[in-house]
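Coordinates from data_22.txt are shown below (compact mmCIF, C-alpha atoms and all ligand atoms).
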```txt
# COMPACT_ATOMS: atom_id res chain seq x y z
CA MET Z 1207 -38.25 85.71 -137.38
CA LEU Z 1208 -34.89 87.33 -136.95
CA LYS Z 1209 -34.08 88.82 -133.64
CA ALA Z 1210 -33.10 92.47 -133.73
CA PRO Z 1211 -29.38 92.77 -132.98
CA THR Z 1212 -28.69 94.31 -129.64
CA SER Z 1213 -26.10 97.03 -129.46
CA PRO Z 1214 -23.42 96.53 -126.86
CA ALA Z 1215 -22.78 99.32 -124.41
CA PRO Z 1216 -20.32 101.83 -125.91
CA GLU Z 1217 -17.55 100.98 -123.46
CA LEU Z 1218 -17.79 97.30 -124.39
CA VAL Z 1219 -17.39 97.77 -128.15
CA PRO Z 1220 -14.40 95.65 -129.08
CA VAL Z 1221 -11.45 97.44 -130.62
CA ALA Z 1222 -10.69 96.18 -134.12
CA PRO Z 1223 -7.44 94.23 -134.07
CA GLU Z 1224 -4.67 96.36 -135.43
CA LYS Z 1225 -1.13 95.21 -135.89
CA ARG Z 1226 1.37 97.05 -138.02
CA VAL Z 1227 4.06 94.49 -138.57
CA SER Z 1228 7.61 95.64 -138.07
CA LYS Z 1229 9.83 94.15 -140.74
CA GLY Z 1230 13.14 95.19 -139.33
CA ASN Z 1231 15.15 97.68 -137.40
CA LEU Z 1232 15.10 101.08 -139.09
CA LEU Z 1233 18.57 102.04 -137.88
CA LEU Z 1234 20.10 98.93 -139.40
CA GLU Z 1235 18.05 99.41 -142.55
CA SER Z 1236 19.63 102.82 -142.94
CA LEU Z 1237 23.04 101.14 -143.40
CA PRO Z 1238 24.28 99.76 -146.72
CA ASP Z 1239 23.74 95.98 -146.94
CA ALA Z 1240 27.45 95.17 -146.65
CA ASP Z 1241 27.88 97.31 -143.52
CA ARG Z 1242 24.76 95.88 -141.92
CA LEU Z 1243 26.01 92.34 -142.56
CA LYS Z 1244 29.34 93.13 -140.93
CA LEU Z 1245 27.41 94.05 -137.79
CA ILE Z 1246 24.76 91.35 -137.54
CA GLY Z 1247 26.42 88.62 -139.60
CA ASP Z 1248 24.20 85.72 -140.61
CA ARG Z 1249 22.91 85.00 -137.14
CA PRO Z 1250 19.15 84.96 -136.61
CA PRO Z 1251 17.49 87.54 -134.33
CA VAL Z 1252 17.12 86.69 -130.64
CA ASP Z 1253 13.87 86.57 -128.66
CA LEU Z 1254 13.31 89.10 -125.89
CA ALA Z 1255 10.76 88.08 -123.25
CA TYR Z 1256 8.32 90.46 -121.58
CA SER Z 1257 9.75 91.94 -118.37
CA GLU Z 1258 13.21 90.48 -119.09
CA GLU Z 1259 15.90 92.57 -117.45
CA MET Z 1260 18.52 93.36 -120.08
CA ASN Z 1261 20.90 95.14 -117.75
CA GLN Z 1262 21.31 96.94 -114.44
CA PRO Z 1263 23.06 100.30 -113.95
CA GLY Z 1264 26.81 99.74 -113.78
CA ASP Z 1265 26.72 96.52 -115.83
CA ARG Z 1266 29.30 96.04 -118.53
CA ILE Z 1267 27.71 96.15 -121.96
CA ARG Z 1268 28.16 92.73 -123.54
CA HIS Z 1269 25.76 93.14 -126.44
CA VAL Z 1270 24.04 95.82 -128.46
CA TYR Z 1271 20.40 95.14 -129.35
CA PHE Z 1272 18.50 96.44 -132.35
CA PRO Z 1273 14.80 95.74 -131.67
CA ILE Z 1274 12.66 94.49 -134.55
CA ASP Z 1275 9.21 94.03 -133.02
CA SER Z 1276 10.26 94.20 -129.36
CA PHE Z 1277 10.76 97.36 -127.32
CA ILE Z 1278 12.73 98.18 -124.21
CA SER Z 1279 12.19 100.62 -121.35
CA LEU Z 1280 15.14 102.57 -120.02
CA ILE Z 1281 14.79 103.35 -116.35
CA THR Z 1282 16.91 105.53 -114.08
CA PRO Z 1283 18.48 103.83 -111.09
CA GLY Z 1284 16.65 104.61 -107.89
CA ILE Z 1285 15.79 103.32 -104.50
CA GLY Z 1286 12.53 101.42 -104.19
CA ARG Z 1287 9.82 103.18 -106.15
CA ALA Z 1288 11.99 106.18 -106.97
CA GLN Z 1289 12.59 105.00 -110.52
CA LEU Z 1290 11.61 106.76 -113.70
CA GLU Z 1291 11.36 105.63 -117.29
CA ILE Z 1292 13.35 108.12 -119.30
CA GLY Z 1293 13.51 106.42 -122.67
CA LEU Z 1294 11.89 103.81 -124.83
CA VAL Z 1295 13.74 101.91 -127.53
CA GLY Z 1296 11.91 100.21 -130.36
CA ASN Z 1297 12.75 99.42 -133.95
CA GLU Z 1298 13.80 103.04 -134.49
CA GLY Z 1299 16.83 102.59 -132.25
CA MET Z 1300 19.28 100.48 -130.34
CA LEU Z 1301 20.18 99.48 -126.79
CA GLY Z 1302 23.83 100.10 -125.97
CA VAL Z 1303 24.46 103.71 -127.01
CA PRO Z 1304 27.29 104.26 -124.43
CA LEU Z 1305 29.52 102.18 -126.74
CA LEU Z 1306 29.16 104.92 -129.36
CA LEU Z 1307 30.81 107.23 -126.83
CA GLY Z 1308 33.57 104.73 -126.08
CA VAL Z 1309 32.09 103.73 -122.72
CA ASN Z 1310 31.34 100.05 -122.10
CA VAL Z 1311 29.17 100.47 -118.99
CA THR Z 1312 25.46 101.28 -118.92
CA PRO Z 1313 24.06 103.93 -116.55
CA LEU Z 1314 20.46 102.73 -116.87
CA ARG Z 1315 18.26 99.77 -116.10
CA ALA Z 1316 16.79 98.23 -119.25
CA LEU Z 1317 13.58 96.16 -119.11
CA VAL Z 1318 11.77 94.55 -122.01
CA GLN Z 1319 8.35 96.14 -122.16
CA GLY Z 1320 7.25 94.51 -125.42
CA ALA Z 1321 8.25 90.92 -126.18
CA GLY Z 1322 9.57 90.13 -129.62
CA HIS Z 1323 12.72 89.86 -131.69
CA ALA Z 1324 15.88 91.89 -131.85
CA TRP Z 1325 19.19 91.71 -133.67
CA ARG Z 1326 22.03 91.18 -131.23
CA VAL Z 1327 25.62 92.24 -131.83
CA ASP Z 1328 28.41 91.51 -129.38
CA ALA Z 1329 30.13 94.60 -127.99
CA ALA Z 1330 33.54 93.77 -129.50
CA THR Z 1331 32.12 93.43 -133.03
CA PHE Z 1332 30.09 96.60 -132.62
CA THR Z 1333 33.08 98.62 -131.39
CA ARG Z 1334 35.32 97.25 -134.14
CA GLU Z 1335 32.79 98.13 -136.86
CA ILE Z 1336 32.14 101.70 -135.70
CA GLU Z 1337 35.90 102.27 -135.48
CA ARG Z 1338 36.49 100.90 -138.95
CA ASN Z 1339 33.52 102.44 -140.66
CA PRO Z 1340 32.87 106.17 -140.22
CA ALA Z 1341 29.60 105.94 -142.20
CA THR Z 1342 28.20 103.36 -139.76
CA ARG Z 1343 29.27 105.47 -136.81
CA ALA Z 1344 27.72 108.59 -138.35
CA ALA Z 1345 24.39 106.82 -138.94
CA LEU Z 1346 24.30 105.53 -135.37
CA ASN Z 1347 25.38 108.90 -133.99
CA ARG Z 1348 22.27 110.44 -135.51
CA TYR Z 1349 20.25 108.07 -133.34
CA LEU Z 1350 22.40 109.02 -130.33
CA TYR Z 1351 21.37 112.64 -130.92
CA VAL Z 1352 17.68 111.67 -131.07
CA PHE Z 1353 18.10 109.54 -127.95
CA LEU Z 1354 19.74 112.38 -126.01
CA SER Z 1355 17.01 114.76 -127.16
CA GLN Z 1356 14.40 112.35 -125.80
CA LEU Z 1357 16.20 112.28 -122.43
CA MET Z 1358 16.34 116.07 -122.26
CA GLN Z 1359 12.69 116.35 -123.19
CA THR Z 1360 11.80 113.88 -120.46
CA ALA Z 1361 13.62 116.00 -117.85
CA THR Z 1362 11.45 118.98 -118.78
CA CYS Z 1363 8.36 116.80 -119.03
CA THR Z 1364 8.73 115.31 -115.58
CA ARG Z 1365 9.19 118.72 -113.96
CA PHE Z 1366 6.53 120.74 -115.75
CA HIS Z 1367 3.80 118.55 -117.27
CA LEU Z 1368 0.77 117.07 -115.61
CA VAL Z 1369 0.66 113.35 -114.89
CA GLU Z 1370 -2.33 112.69 -117.15
CA ALA Z 1371 -0.68 114.44 -120.12
CA ARG Z 1372 2.58 112.62 -119.44
CA LEU Z 1373 0.78 109.28 -119.37
CA ALA Z 1374 -0.83 110.10 -122.72
CA ARG Z 1375 2.64 110.86 -124.14
CA TRP Z 1376 4.17 107.57 -122.94
CA LEU Z 1377 1.21 105.54 -124.13
CA LEU Z 1378 1.53 107.05 -127.60
CA MET Z 1379 5.26 106.33 -127.58
CA THR Z 1380 4.56 102.76 -126.50
CA ARG Z 1381 1.90 102.38 -129.19
CA ASP Z 1382 4.37 103.53 -131.85
CA ARG Z 1383 6.95 100.99 -130.73
CA ALA Z 1384 4.43 98.18 -130.19
CA HIS Z 1385 3.13 98.80 -133.73
CA SER Z 1386 -0.30 98.21 -132.29
CA SER Z 1387 -3.05 100.08 -130.47
CA GLN Z 1388 -3.32 97.17 -128.07
CA PHE Z 1389 -0.47 96.22 -125.79
CA HIS Z 1390 0.25 94.94 -122.32
CA VAL Z 1391 1.48 97.40 -119.74
CA THR Z 1392 1.45 96.69 -116.04
CA HIS Z 1393 0.90 99.14 -113.20
CA GLU Z 1394 4.60 98.72 -112.42
CA PHE Z 1395 5.58 100.00 -115.88
CA LEU Z 1396 3.04 102.81 -115.72
CA ALA Z 1397 4.57 103.83 -112.39
CA TYR Z 1398 8.04 103.87 -114.01
CA MET Z 1399 6.65 105.96 -116.87
CA LEU Z 1400 5.24 108.55 -114.54
CA GLY Z 1401 7.47 108.38 -111.50
CA VAL Z 1402 4.41 108.34 -109.26
CA ARG Z 1403 2.85 105.92 -106.83
CA ARG Z 1404 0.19 103.37 -107.71
CA VAL Z 1405 -2.65 105.69 -106.75
CA GLY Z 1406 -1.33 108.34 -109.14
CA VAL Z 1407 -1.16 105.76 -111.94
CA THR Z 1408 -4.74 104.63 -111.30
CA SER Z 1409 -5.99 108.19 -111.22
CA ALA Z 1410 -4.29 109.23 -114.50
CA ALA Z 1411 -5.34 106.04 -116.34
CA SER Z 1412 -8.91 106.41 -115.06
CA ALA Z 1413 -9.05 110.00 -116.29
CA LEU Z 1414 -7.99 108.98 -119.81
CA GLN Z 1415 -10.46 106.12 -119.67
CA ARG Z 1416 -13.34 108.41 -118.67
CA ARG Z 1417 -12.50 110.55 -121.69
CA LYS Z 1418 -12.83 107.35 -123.79
CA LEU Z 1419 -9.27 107.72 -125.07
CA ILE Z 1420 -8.03 104.39 -123.71
CA ARG Z 1421 -9.33 101.22 -122.16
CA TYR Z 1422 -7.22 99.68 -119.42
CA SER Z 1423 -8.02 96.45 -117.69
CA ARG Z 1424 -5.65 94.13 -115.86
CA GLY Z 1425 -2.64 95.34 -117.77
CA ASP Z 1426 -4.28 95.16 -121.21
CA LEU Z 1427 -4.32 98.58 -122.73
CA SER Z 1428 -6.22 99.64 -125.85
CA VAL Z 1429 -5.85 103.07 -127.40
CA LEU Z 1430 -9.39 103.89 -128.53
CA ASP Z 1431 -8.86 107.36 -129.93
CA VAL Z 1432 -5.36 108.16 -131.19
CA ARG Z 1433 -6.11 111.77 -132.20
CA GLY Z 1434 -7.81 112.39 -128.88
CA LEU Z 1435 -4.85 110.91 -127.01
CA GLU Z 1436 -2.48 113.12 -129.01
CA ARG Z 1437 -4.53 116.15 -127.97
CA ALA Z 1438 -4.44 114.97 -124.35
CA ALA Z 1439 -0.65 114.45 -124.43
CA CYS Z 1440 1.84 117.12 -123.42
CA PRO Z 1441 3.78 118.74 -126.30
CA CYS Z 1442 6.77 116.44 -125.68
CA TYR Z 1443 5.28 113.71 -127.87
CA ALA Z 1444 5.08 115.98 -130.91
CA ILE Z 1445 8.53 117.47 -130.17
CA ASP Z 1446 10.12 113.98 -130.01
CA LYS Z 1447 8.47 112.99 -133.29
CA LYS Z 1448 9.64 116.15 -134.99
CA ILE Z 1449 13.26 115.63 -133.93
CA TYR Z 1450 13.12 111.96 -134.94
CA SER Z 1451 11.67 112.84 -138.31
CA ARG Z 1452 14.21 115.58 -139.00
CA ILE Z 1453 17.30 113.64 -137.92
CA LEU Z 1454 16.51 110.04 -138.79
CA VAL Z 1455 13.47 109.40 -140.96
CA LYS Z 1456 14.70 111.31 -143.98
CA LYS Z 1457 18.06 109.58 -143.83
CA VAL Z 1458 16.50 106.13 -143.39
CA ALA Z 1459 13.99 106.73 -146.16
CA ALA Z 1460 16.73 107.90 -148.50
CA ALA Z 1461 18.88 104.87 -147.70
CA ALA Z 1462 15.97 102.49 -148.21
CA GLY Z 1463 14.85 104.21 -151.40
CA SER Z 1464 11.45 104.80 -149.91
CA SER Z 1465 9.72 107.83 -148.49
CA THR Z 1466 7.60 105.78 -146.16
CA THR Z 1467 9.94 103.33 -144.45
CA GLY Z 1468 10.88 105.52 -141.54
CA ALA Z 1469 7.54 107.22 -141.31
CA ALA Z 1470 5.90 103.85 -140.74
CA LEU Z 1471 7.27 103.71 -137.23
CA LEU Z 1472 5.80 106.96 -136.11
CA ALA Z 1473 2.65 106.87 -138.21
CA ALA Z 1474 -0.19 107.82 -135.93
ZN ZN T 1501 5.82 116.44 -121.48
```
Rewritten as structure tokens:
Amino acid sequence: MLKAPTSPAPELVPVAPEKRVSKGNLLLESLPDADRLKLIGDRPPVDLAYSEEMNQPGDRIRHVYFPIDSFISLITPGIGRAQLEIGLVGNEGMLGVPLLLGVNVTPLRALVQGAGHAWRVDAATFTREIERNPATRAALNRYLYVFLSQLMQTATCTRFHLVEARLARWLLMTRDRAHSSQFHVTHEFLAYMLGVRRVGVTSAASALQRRKLIRYSRGDLSVLDVRGLERAACPCYAIDKKIYSRILVKKVAAAAGSSTTGAALLAA
């Protein structure tokens, strides 16, 4: 006689594995093949390790990185815990935007938040190519605009939006760049995201967990309800997506001859 299956408690239901594979960097894909090759050459992508520190504020920029399936947190310099994540770079963007402005020093701390691959271009090659090729510079400048918009939005967000809503925003941004609803994020990173102490992190994460929007245990985070998390997020998430879509996705899609390439990154 067959035993009746027992239903697990709702909070223990495993989340179906979901991994949207990133095939490349969307910014680089927006460039014509010949121009992209001049930048990255025939070298293979490099590996970025979780928690690897890419640079400290004031460091000279030696390389530009174009993440493929990795993503990098940009954190303001601060003293002790007074540090705040103000940007997140995944396969929609690049690390090293000051070079586009002719500055070879970075003002931010950059930490790998998602391990994976990235294309790496040395600063001299990058600078030479954007000086020689106005089309390459124009394509990358569109990203610079999106990047600056994200920074400005974060300034407003940090001042006016509630911690729980801000956490929902950053988790959605992380999910987009991780290409997965399951990713690793430590308390330290959550504190950078929110600019609050550990107790504030625990409280905001617990609130989202009670609403069954996420599950968070020992750094392993699962987004259980994307639509619900979007509703819980402050408007900044939707504003960022809209700017990204208007400035970059259409251009990338047109360059790639596809209407879905760019949208794949930010597909909810
Ligand atoms: Zn906000």
Which residues are near ligand ZN 1501 (chain T) in this structure, taking near to mean any atom at most 7 Å from a ligand atom and counting only C-alpha atoms and all ligand atoms? Format them as a VMD selection string.
chain Z and resid 1360 1362 to 1364 1367 1371 to 1372 1375 1440 to 1443
Residues of the last selection are to be written out with C-alpha atoms, as a compact mmCIF listing (two decimals), in the coordinates of the input.
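Result went into selection11.txt, see below:
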```
# COMPACT_ATOMS: atom_id res chain seq x y z
CA THR Z 1360 11.80 113.88 -120.46
CA THR Z 1362 11.45 118.98 -118.78
CA CYS Z 1363 8.36 116.80 -119.03
CA THR Z 1364 8.73 115.31 -115.58
CA HIS Z 1367 3.80 118.55 -117.27
CA ALA Z 1371 -0.68 114.44 -120.12
CA ARG Z 1372 2.58 112.62 -119.44
CA ARG Z 1375 2.64 110.86 -124.14
CA CYS Z 1440 1.84 117.12 -123.42
CA PRO Z 1441 3.78 118.74 -126.30
CA CYS Z 1442 6.77 116.44 -125.68
CA TYR Z 1443 5.28 113.71 -127.87
```
For a test of reading the model, state the distance in Å between atom CA of Pro1251 of chain Z and atom CA of Arg1326 of chain Z, rounded to one decimal.
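These two atoms are separated by 6.6 Å.
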Coordinates-based distance that separates atom CA of Leu1350 of chain Z from atom CA of Met1300 of chain Z (Å, one decimal):
9.1 Å
At a cut-off of 9 Å, using all atoms listed in the file, what residues contact Ile1267 of chain Z? Leave out same-chain residues fewer than 3 positions from it and give the result as a list in words.
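The residues satisfying every condition are Asn1261, Gly1264, Val1270, Gly1302, Pro1304, Leu1305, Val1309, Asn1310, Val1311, Thr1312, Asp1328 and Ala1329 of chain Z.
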Using the selection just defined, write its residues with C-alpha atoms as a short mmCIF file (atom, residue, chain, number, x, y, z; two decimals), in the coordinates of the input.
```cif
data_model
loop_
_atom_site.label_atom_id
_atom_site.label_comp_id
_atom_site.auth_asym_id
_atom_site.auth_seq_id
_atom_site.Cartn_x
_atom_site.Cartn_y
_atom_site.Cartn_z
CA ASN Z 1261 20.90 95.14 -117.75
CA GLY Z 1264 26.81 99.74 -113.78
CA VAL Z 1270 24.04 95.82 -128.46
CA GLY Z 1302 23.83 100.10 -125.97
CA PRO Z 1304 27.29 104.26 -124.43
CA LEU Z 1305 29.52 102.18 -126.74
CA VAL Z 1309 32.09 103.73 -122.72
CA ASN Z 1310 31.34 100.05 -122.10
CA VAL Z 1311 29.17 100.47 -118.99
CA THR Z 1312 25.46 101.28 -118.92
CA ASP Z 1328 28.41 91.51 -129.38
CA ALA Z 1329 30.13 94.60 -127.99
#
```
By how many Å are atom CA of Arg1416 of chain Z and atom CA of Leu1290 of chain Z apart?
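Distance between the two atoms: 25.5 Å.
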For Phe1389 of chain Z: contacts at 12 Å, only C-alpha atoms, fewer than 4 positions along chain excluded, given as a PDB file with C-alpha atoms, keeping the file's coordinate frame:
```pdb
ATOM      1  CA  PRO Z1223      -7.440  94.230-134.070  1.00  0.00           C
ATOM      2  CA  GLU Z1224      -4.670  96.360-135.430  1.00  0.00           C
ATOM      3  CA  LYS Z1225      -1.130  95.210-135.890  1.00  0.00           C
ATOM      4  CA  TYR Z1256       8.320  90.460-121.580  1.00  0.00           C
ATOM      5  CA  SER Z1276      10.260  94.200-129.360  1.00  0.00           C
ATOM      6  CA  PHE Z1277      10.760  97.360-127.320  1.00  0.00           C
ATOM      7  CA  GLN Z1319       8.350  96.140-122.160  1.00  0.00           C
ATOM      8  CA  GLY Z1320       7.250  94.510-125.420  1.00  0.00           C
ATOM      9  CA  ALA Z1321       8.250  90.920-126.180  1.00  0.00           C
ATOM     10  CA  LEU Z1377       1.210 105.540-124.130  1.00  0.00           C
ATOM     11  CA  LEU Z1378       1.530 107.050-127.600  1.00  0.00           C
ATOM     12  CA  MET Z1379       5.260 106.330-127.580  1.00  0.00           C
ATOM     13  CA  THR Z1380       4.560 102.760-126.500  1.00  0.00           C
ATOM     14  CA  ARG Z1381       1.900 102.380-129.190  1.00  0.00           C
ATOM     15  CA  ASP Z1382       4.370 103.530-131.850  1.00  0.00           C
ATOM     16  CA  ARG Z1383       6.950 100.990-130.730  1.00  0.00           C
ATOM     17  CA  ALA Z1384       4.430  98.180-130.190  1.00  0.00           C
ATOM     18  CA  HIS Z1385       3.130  98.800-133.730  1.00  0.00           C
ATOM     19  CA  ILE Z1420      -8.030 104.390-123.710  1.00  0.00           C
ATOM     20  CA  ARG Z1421      -9.330 101.220-122.160  1.00  0.00           C
ATOM     21  CA  TYR Z1422      -7.220  99.680-119.420  1.00  0.00           C
ATOM     22  CA  SER Z1423      -8.020  96.450-117.690  1.00  0.00           C
ATOM     23  CA  ARG Z1424      -5.650  94.130-115.860  1.00  0.00           C
ATOM     24  CA  GLY Z1425      -2.640  95.340-117.770  1.00  0.00           C
ATOM     25  CA  ASP Z1426      -4.280  95.160-121.210  1.00  0.00           C
ATOM     26  CA  LEU Z1427      -4.320  98.580-122.730  1.00  0.00           C
ATOM     27  CA  SER Z1428      -6.220  99.640-125.850  1.00  0.00           C
ATOM     28  CA  VAL Z1429      -5.850 103.070-127.400  1.00  0.00           C
TER      29      VAL Z1429
END
```
Proximity to Val1405 of chain Z - best of Z:Ala1439, Z:Leu1306, Z:Pro1340, Z:His1393, only C-alpha atoms:
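The answer is Z:His1393, which sits nearest to Val1405 of chain Z.
Distances here use all atoms listed in the file; by that measure, the residue among Z:Tyr1349, Z:Met1399, Z:Glu1370, Z:Arg1343 closest to Gly1293 of chain Z is Z:Met1399.
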The residues within 8 Å of (10.3, 91.9, -114.8), using all atoms listed in the file and the coordinates of the file, should be reported as a short mmCIF file (atom, residue, chain, number, x, y, z; two decimals) with C-alpha atoms, keeping the file's coordinate frame; which are they?
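Below is the file that was written, out_12.cif:
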```cif
data_model
loop_
_atom_site.label_atom_id
_atom_site.label_comp_id
_atom_site.auth_asym_id
_atom_site.auth_seq_id
_atom_site.Cartn_x
_atom_site.Cartn_y
_atom_site.Cartn_z
CA TYR Z 1256 8.32 90.46 -121.58
CA SER Z 1257 9.75 91.94 -118.37
CA GLU Z 1258 13.21 90.48 -119.09
CA GLU Z 1259 15.90 92.57 -117.45
CA LEU Z 1317 13.58 96.16 -119.11
CA VAL Z 1318 11.77 94.55 -122.01
#
```
Expected answer as a list of chain:residue names: all residues with atoms within 8 Å of (24.3, 103.5, -146.5), all atoms listed in the file:
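Checked against the point, the hits come out as Z:Ser1236, Z:Leu1237, Z:Pro1238, Z:Asp1239, Z:Asp1241, Z:Ala1341, Z:Thr1342, Z:Ala1461.
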Using the file's own x, y and z axes, so that the box edges lie along x, y and z, what centre and edge lengths in Å (one decimal) does a box around every listed atom of segment 1254-1271 of chain Z get when 8 Å is added on each side? Give it as JSON.
```
{"center_x": 18.8, "center_y": 94.2, "center_z": -121.6, "size_x": 37.0, "size_y": 28.2, "size_z": 31.6}
```
